[in-house]
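A.B. asks: Below is the file protein.tsv, with TSV, C-alpha atoms.
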```tsv
chain	number	residue	atom	x	y	z
A	1	MET	CA	-25.17	-37.10	60.17
A	2	ASN	CA	-25.56	-34.37	57.56
A	3	ARG	CA	-29.26	-34.04	58.33
A	4	THR	CA	-28.56	-33.57	62.02
A	5	ARG	CA	-26.02	-30.80	61.32
A	6	GLY	CA	-28.44	-29.15	58.91
A	7	ARG	CA	-31.23	-29.22	61.47
A	8	THR	CA	-28.92	-27.93	64.19
A	9	ALA	CA	-27.71	-25.11	61.93
A	10	LEU	CA	-31.29	-24.22	61.02
A	11	ALA	CA	-32.39	-24.23	64.68
A	12	THR	CA	-29.39	-22.08	65.63
A	13	ALA	CA	-30.17	-19.59	62.86
A	14	ALA	CA	-33.83	-19.39	63.92
A	15	LEU	CA	-32.79	-18.81	67.54
A	16	LEU	CA	-30.36	-16.06	66.52
A	17	LEU	CA	-33.01	-14.35	64.42
A	18	THR	CA	-35.51	-14.52	67.26
A	19	VAL	CA	-33.08	-13.01	69.75
A	20	ALA	CA	-31.28	-10.57	67.44
A	21	ALA	CA	-34.21	-9.20	65.41
A	22	PRO	CA	-35.59	-6.88	68.13
A	23	ALA	CA	-32.12	-5.41	68.69
A	24	ALA	CA	-31.66	-4.94	64.96
A	25	TYR	CA	-34.96	-3.07	64.68
A	26	ALA	CA	-34.06	-0.90	67.67
A	27	ALA	CA	-30.73	-0.05	66.05
A	28	PHE	CA	-32.53	0.87	62.82
A	29	ASP	CA	-33.86	4.08	64.35
A	30	GLY	CA	-30.47	5.29	65.47
A	31	GLY	CA	-29.89	2.93	68.37
A	32	ASP	CA	-32.60	4.38	70.59
A	33	THR	CA	-34.86	1.66	71.97
A	34	ALA	CA	-37.79	4.05	72.62
A	35	PRO	CA	-41.01	3.41	70.67
A	36	ALA	CA	-41.17	5.19	67.32
A	37	ALA	CA	-44.17	7.28	68.46
A	38	SER	CA	-42.05	8.96	71.15
A	39	LEU	CA	-39.54	10.01	68.48
A	40	ALA	CA	-42.09	12.21	66.73
A	41	PRO	CA	-41.88	15.88	67.61
A	42	ALA	CA	-44.41	17.10	70.17
A	43	ARG	CA	-47.34	18.63	68.35
A	44	GLY	CA	-50.64	20.12	69.40
A	45	THR	CA	-52.11	20.90	72.78
A	46	PRO	CA	-53.33	18.58	75.53
A	47	TYR	CA	-56.84	17.29	74.77
A	48	VAL	CA	-59.25	14.73	76.14
A	49	GLN	CA	-61.06	12.37	73.79
A	50	THR	CA	-64.33	11.06	75.17
A	51	GLN	CA	-66.08	8.22	73.42
A	52	LEU	CA	-69.71	7.51	74.27
A	53	PHE	CA	-71.46	4.30	73.23
A	54	PHE	CA	-75.21	4.49	72.71
A	55	GLY	CA	-77.35	1.39	72.30
A	56	THR	CA	-80.60	1.57	70.36
A	57	ALA	CA	-82.59	-1.46	71.56
A	58	ARG	CA	-85.38	-0.50	73.94
A	59	PRO	CA	-85.86	-2.82	76.92
A	60	ASP	CA	-89.38	-1.51	77.50
A	61	GLY	CA	-90.68	-3.09	74.27
A	62	GLU	CA	-90.72	0.18	72.37
A	63	PRO	CA	-89.26	0.22	68.84
A	64	ALA	CA	-85.48	0.68	68.64
A	65	VAL	CA	-84.09	4.20	68.48
A	66	THR	CA	-83.98	5.15	64.80
A	67	GLU	CA	-81.15	7.04	63.16
A	68	ARG	CA	-83.48	10.01	62.73
A	69	ARG	CA	-84.30	10.05	66.47
A	70	PHE	CA	-80.67	9.57	67.43
A	71	MET	CA	-79.49	12.43	65.21
A	72	ALA	CA	-82.29	14.63	66.59
A	73	PHE	CA	-80.94	13.81	70.07
A	74	VAL	CA	-77.42	14.78	68.93
A	75	ASP	CA	-78.71	18.07	67.52
A	76	ALA	CA	-80.75	18.95	70.60
A	77	GLU	CA	-78.65	17.59	73.47
A	78	ILE	CA	-75.02	17.38	72.34
A	79	THR	CA	-74.30	19.97	69.65
A	80	PRO	CA	-75.25	22.96	71.87
A	81	ASP	CA	-72.67	21.86	74.46
A	82	PHE	CA	-69.98	20.87	71.92
A	83	PRO	CA	-70.45	23.23	68.95
A	84	ALA	CA	-66.78	23.02	67.91
A	85	GLY	CA	-67.38	19.56	66.47
A	86	LEU	CA	-67.96	15.89	67.11
A	87	THR	CA	-67.99	12.59	65.25
A	88	VAL	CA	-70.78	10.01	65.14
A	89	GLN	CA	-70.07	6.49	63.89
A	90	ARG	CA	-72.57	3.69	63.35
A	91	GLY	CA	-71.83	0.34	64.91
A	92	HIS	CA	-73.16	-3.03	65.93
A	93	GLY	CA	-72.84	-3.56	69.64
A	94	GLN	CA	-73.26	-6.34	72.11
A	95	TRP	CA	-74.43	-5.80	75.66
A	96	ARG	CA	-75.17	-7.95	78.69
A	97	ASP	CA	-78.07	-6.43	80.61
A	98	ALA	CA	-78.76	-6.52	84.35
A	99	THR	CA	-80.47	-9.93	84.01
A	100	GLY	CA	-77.40	-11.45	82.33
A	101	THR	CA	-78.98	-11.64	78.88
A	102	VAL	CA	-76.62	-10.80	76.01
A	103	GLY	CA	-78.26	-8.73	73.32
A	104	LYS	CA	-76.97	-7.48	70.00
A	105	GLU	CA	-78.07	-4.15	68.67
A	106	ARG	CA	-77.37	-1.32	66.30
A	107	SER	CA	-75.37	1.31	68.15
A	108	TYR	CA	-73.66	4.66	67.81
A	109	GLN	CA	-70.25	5.82	68.95
A	110	LEU	CA	-69.89	9.53	69.63
A	111	ILE	CA	-66.39	11.01	69.76
A	112	LEU	CA	-65.77	14.35	71.44
A	113	LEU	CA	-62.45	16.22	71.65
A	114	TYR	CA	-61.97	19.08	74.07
A	115	PRO	CA	-58.99	20.81	75.72
A	116	VAL	CA	-57.80	19.40	79.04
A	117	ALA	CA	-58.42	22.87	80.48
A	118	ALA	CA	-62.15	22.38	79.75
A	119	ALA	CA	-62.31	18.85	81.20
A	120	ARG	CA	-64.22	19.71	84.39
A	121	THR	CA	-66.96	21.62	82.56
A	122	SER	CA	-67.10	19.07	79.74
A	123	ASP	CA	-67.39	16.22	82.25
A	124	ARG	CA	-70.56	17.70	83.75
A	125	ARG	CA	-72.06	18.19	80.29
A	126	ILE	CA	-71.16	14.65	79.19
A	127	GLU	CA	-72.68	13.11	82.31
A	128	GLU	CA	-75.88	15.07	81.64
A	129	ILE	CA	-75.94	13.76	78.04
A	130	ARG	CA	-75.63	10.20	79.33
A	131	ARG	CA	-78.37	10.71	81.91
A	132	VAL	CA	-80.78	12.28	79.40
A	133	TYR	CA	-80.22	9.52	76.81
A	134	GLN	CA	-80.79	6.81	79.41
A	135	LYS	CA	-84.00	8.46	80.62
A	136	THR	CA	-85.32	9.37	77.17
A	137	PHE	CA	-84.73	5.97	75.56
A	138	GLY	CA	-85.02	3.64	78.58
A	139	GLN	CA	-81.36	2.57	78.52
A	140	GLU	CA	-79.55	0.93	81.44
A	141	SER	CA	-76.30	2.63	80.51
A	142	VAL	CA	-74.33	4.72	78.04
A	143	GLY	CA	-70.71	3.54	77.87
A	144	ARG	CA	-67.93	6.09	78.32
A	145	VAL	CA	-64.18	5.99	77.62
A	146	ASP	CA	-61.82	8.94	78.22
A	147	LEU	CA	-58.33	9.16	76.70
A	148	ARG	CA	-55.73	11.92	76.96
A	149	GLY	CA	-53.45	13.00	74.15
A	150	ASP	CA	-52.35	15.91	72.04
A	151	ALA	CA	-54.45	17.32	69.22
A	152	ASP	CA	-53.56	19.74	66.48
A	153	PHE	CA	-56.14	21.25	64.13
```
Mind turning the file's structure into structure tokens?

C.D. replies:
Amino acid sequence: MNRTRGRTALATAALLLTVAAPAAYAAFDGGDTAPAASLAPARGTPYVQTQLFFGTARPDGEPAVTERRFMAFVDAEITPDFPAGLTVQRGHGQWRDATGTVGKERSYQLILLYPVAAARTSDRRIEEIRRVYQKTFGQESVGRVDLRGDADF
């Protein structure tokens, strides 16, 4: 009988913790249930972050795009349009091509930040960068992700 009461008490305590814990955490920040990020003061100006994903494997049998060639592409094709700054990160990507074959390759992620007010002009430039990379290096695609947020420098 004691074991049954102990198990029941333990199950009840676990249930209370499961139900009450989120409310307790919400009360911790002054009772407001809004996410903590929304409690931070507004800072910066509206920006767009564009991430481009460049593969390096060449489907035409040519050698993969080297870091030297990729950075030369950045210098010639991207920096003139985005002289305020950019970030390049090395990666290892995975891609399923038009035939359904999954390939793994060395890749690069390019991150660009620009004011929302410049989004239309930047979009045209970014699409040109994608087109030129695809044509120059025989790529099926260059991935693109756009996110909005505030930036402060």

A.B. asks: Could you tell me, as a ChimeraX atom specification, which residues have any atom at most 8 Å from (-51.2, 15.9, 74.5), counting all atoms listed in the file?

C.D. replies: /A:43-47,148-151

A.B. asks: Could the residues in this selection be written to a file with C-alpha atoms, as an mmCIF file, in the coordinates of the input?

C.D. replies:
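Now in again15.cif:
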```cif
data_model
loop_
_atom_site.group_PDB
_atom_site.id
_atom_site.type_symbol
_atom_site.label_atom_id
_atom_site.label_comp_id
_atom_site.auth_asym_id
_atom_site.auth_seq_id
_atom_site.Cartn_x
_atom_site.Cartn_y
_atom_site.Cartn_z
ATOM 1 C CA ARG A 43 -47.340 18.630 68.350
ATOM 2 C CA GLY A 44 -50.640 20.120 69.400
ATOM 3 C CA THR A 45 -52.110 20.900 72.780
ATOM 4 C CA PRO A 46 -53.330 18.580 75.530
ATOM 5 C CA TYR A 47 -56.840 17.290 74.770
ATOM 6 C CA ARG A 148 -55.730 11.920 76.960
ATOM 7 C CA GLY A 149 -53.450 13.000 74.150
ATOM 8 C CA ASP A 150 -52.350 15.910 72.040
ATOM 9 C CA ALA A 151 -54.450 17.320 69.220
#
```

A.B. asks: Identify which of the residues A:Asp75, A:Arg131, A:Ala84, A:Leu39 lies closest to Phe153 in chain A, counting only C-alpha atoms when measuring atom-to-atom distances.

C.D. replies: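 That would be A:Ala84, the residue with the smallest distance to Phe153 in chain A.
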
A.B. asks: CA of Arg58 in chain A and CA of Pro80 in chain A are how many Å apart?

C.D. replies: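 Computed distance, CA of Arg58 in chain A to CA of Pro80 in chain A, equals 25.6 Å.
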
A.B. asks: So, counting only C-alpha atoms, which residue among A:Gly138, A:Arg69, A:Ser122, A:Ile111 is closest to Thr87 in chain A?

C.D. replies: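 So, comparing all the options, the nearest one is A:Ile111.
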
A.B. asks: Calculate how many Å separate CA of Ser107 in chain A from CA of Asp152 in chain A, rounding to one decimal.

C.D. replies: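 Result for CA of Ser107 in chain A versus CA of Asp152 in chain A: 28.6 Å, one decimal.
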
A.B. asks: Can you tell me how far CA of Pro115 in chain A sits from CA of Val132 in chain A, in Å to one decimal?

C.D. replies: 23.7 Å

A.B. asks: Here's a test: counting only C-alpha atoms, identify every protein, DNA and RNA residue with an atom at most 6 Å from (-64.3, 7.5, 77.6) in the file's coordinate frame, and state them as JSON, numbers by chain.

C.D. replies: {"A": [50, 51, 144, 145, 146]}

A.B. asks: Find the residue from A:Ala117, A:Ile126, A:Ala98, A:Ala72 that sits nearest to Glu140 in chain A; use all atoms listed in the file when measuring.

C.D. replies: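 Closest candidate: A:Ala98.
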
A.B. asks: Would you mind telling me which residue in A:Gly55, A:Ile78, A:Ala119, A:Phe137 lies nearest to His92 in chain A when using all atoms listed in the file?

C.D. replies: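 The shortest atom-to-atom distance to His92 in chain A comes from A:Gly55.
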
A.B. asks: Between A:Gly103, A:Phe73, A:Asp97, A:Leu52, single out the one closest to Gly143 in chain A, counting only C-alpha atoms.

C.D. replies: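 So, comparing all the options, the nearest one is A:Leu52.
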
A.B. asks: Env of Arg106 in chain A: 10 Å cut, atoms = all atoms listed in the file, seq-sep filter 4 positions within chain, self excluded. Answer as a list in words.

C.D. replies: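 Listed by chain and then number, they are Phe54, Gly55, Thr56, Ala57, Ala64, Val65, Thr66, Glu67, Arg90, Gly91, His92, Gly93 and Gln94 of chain A.
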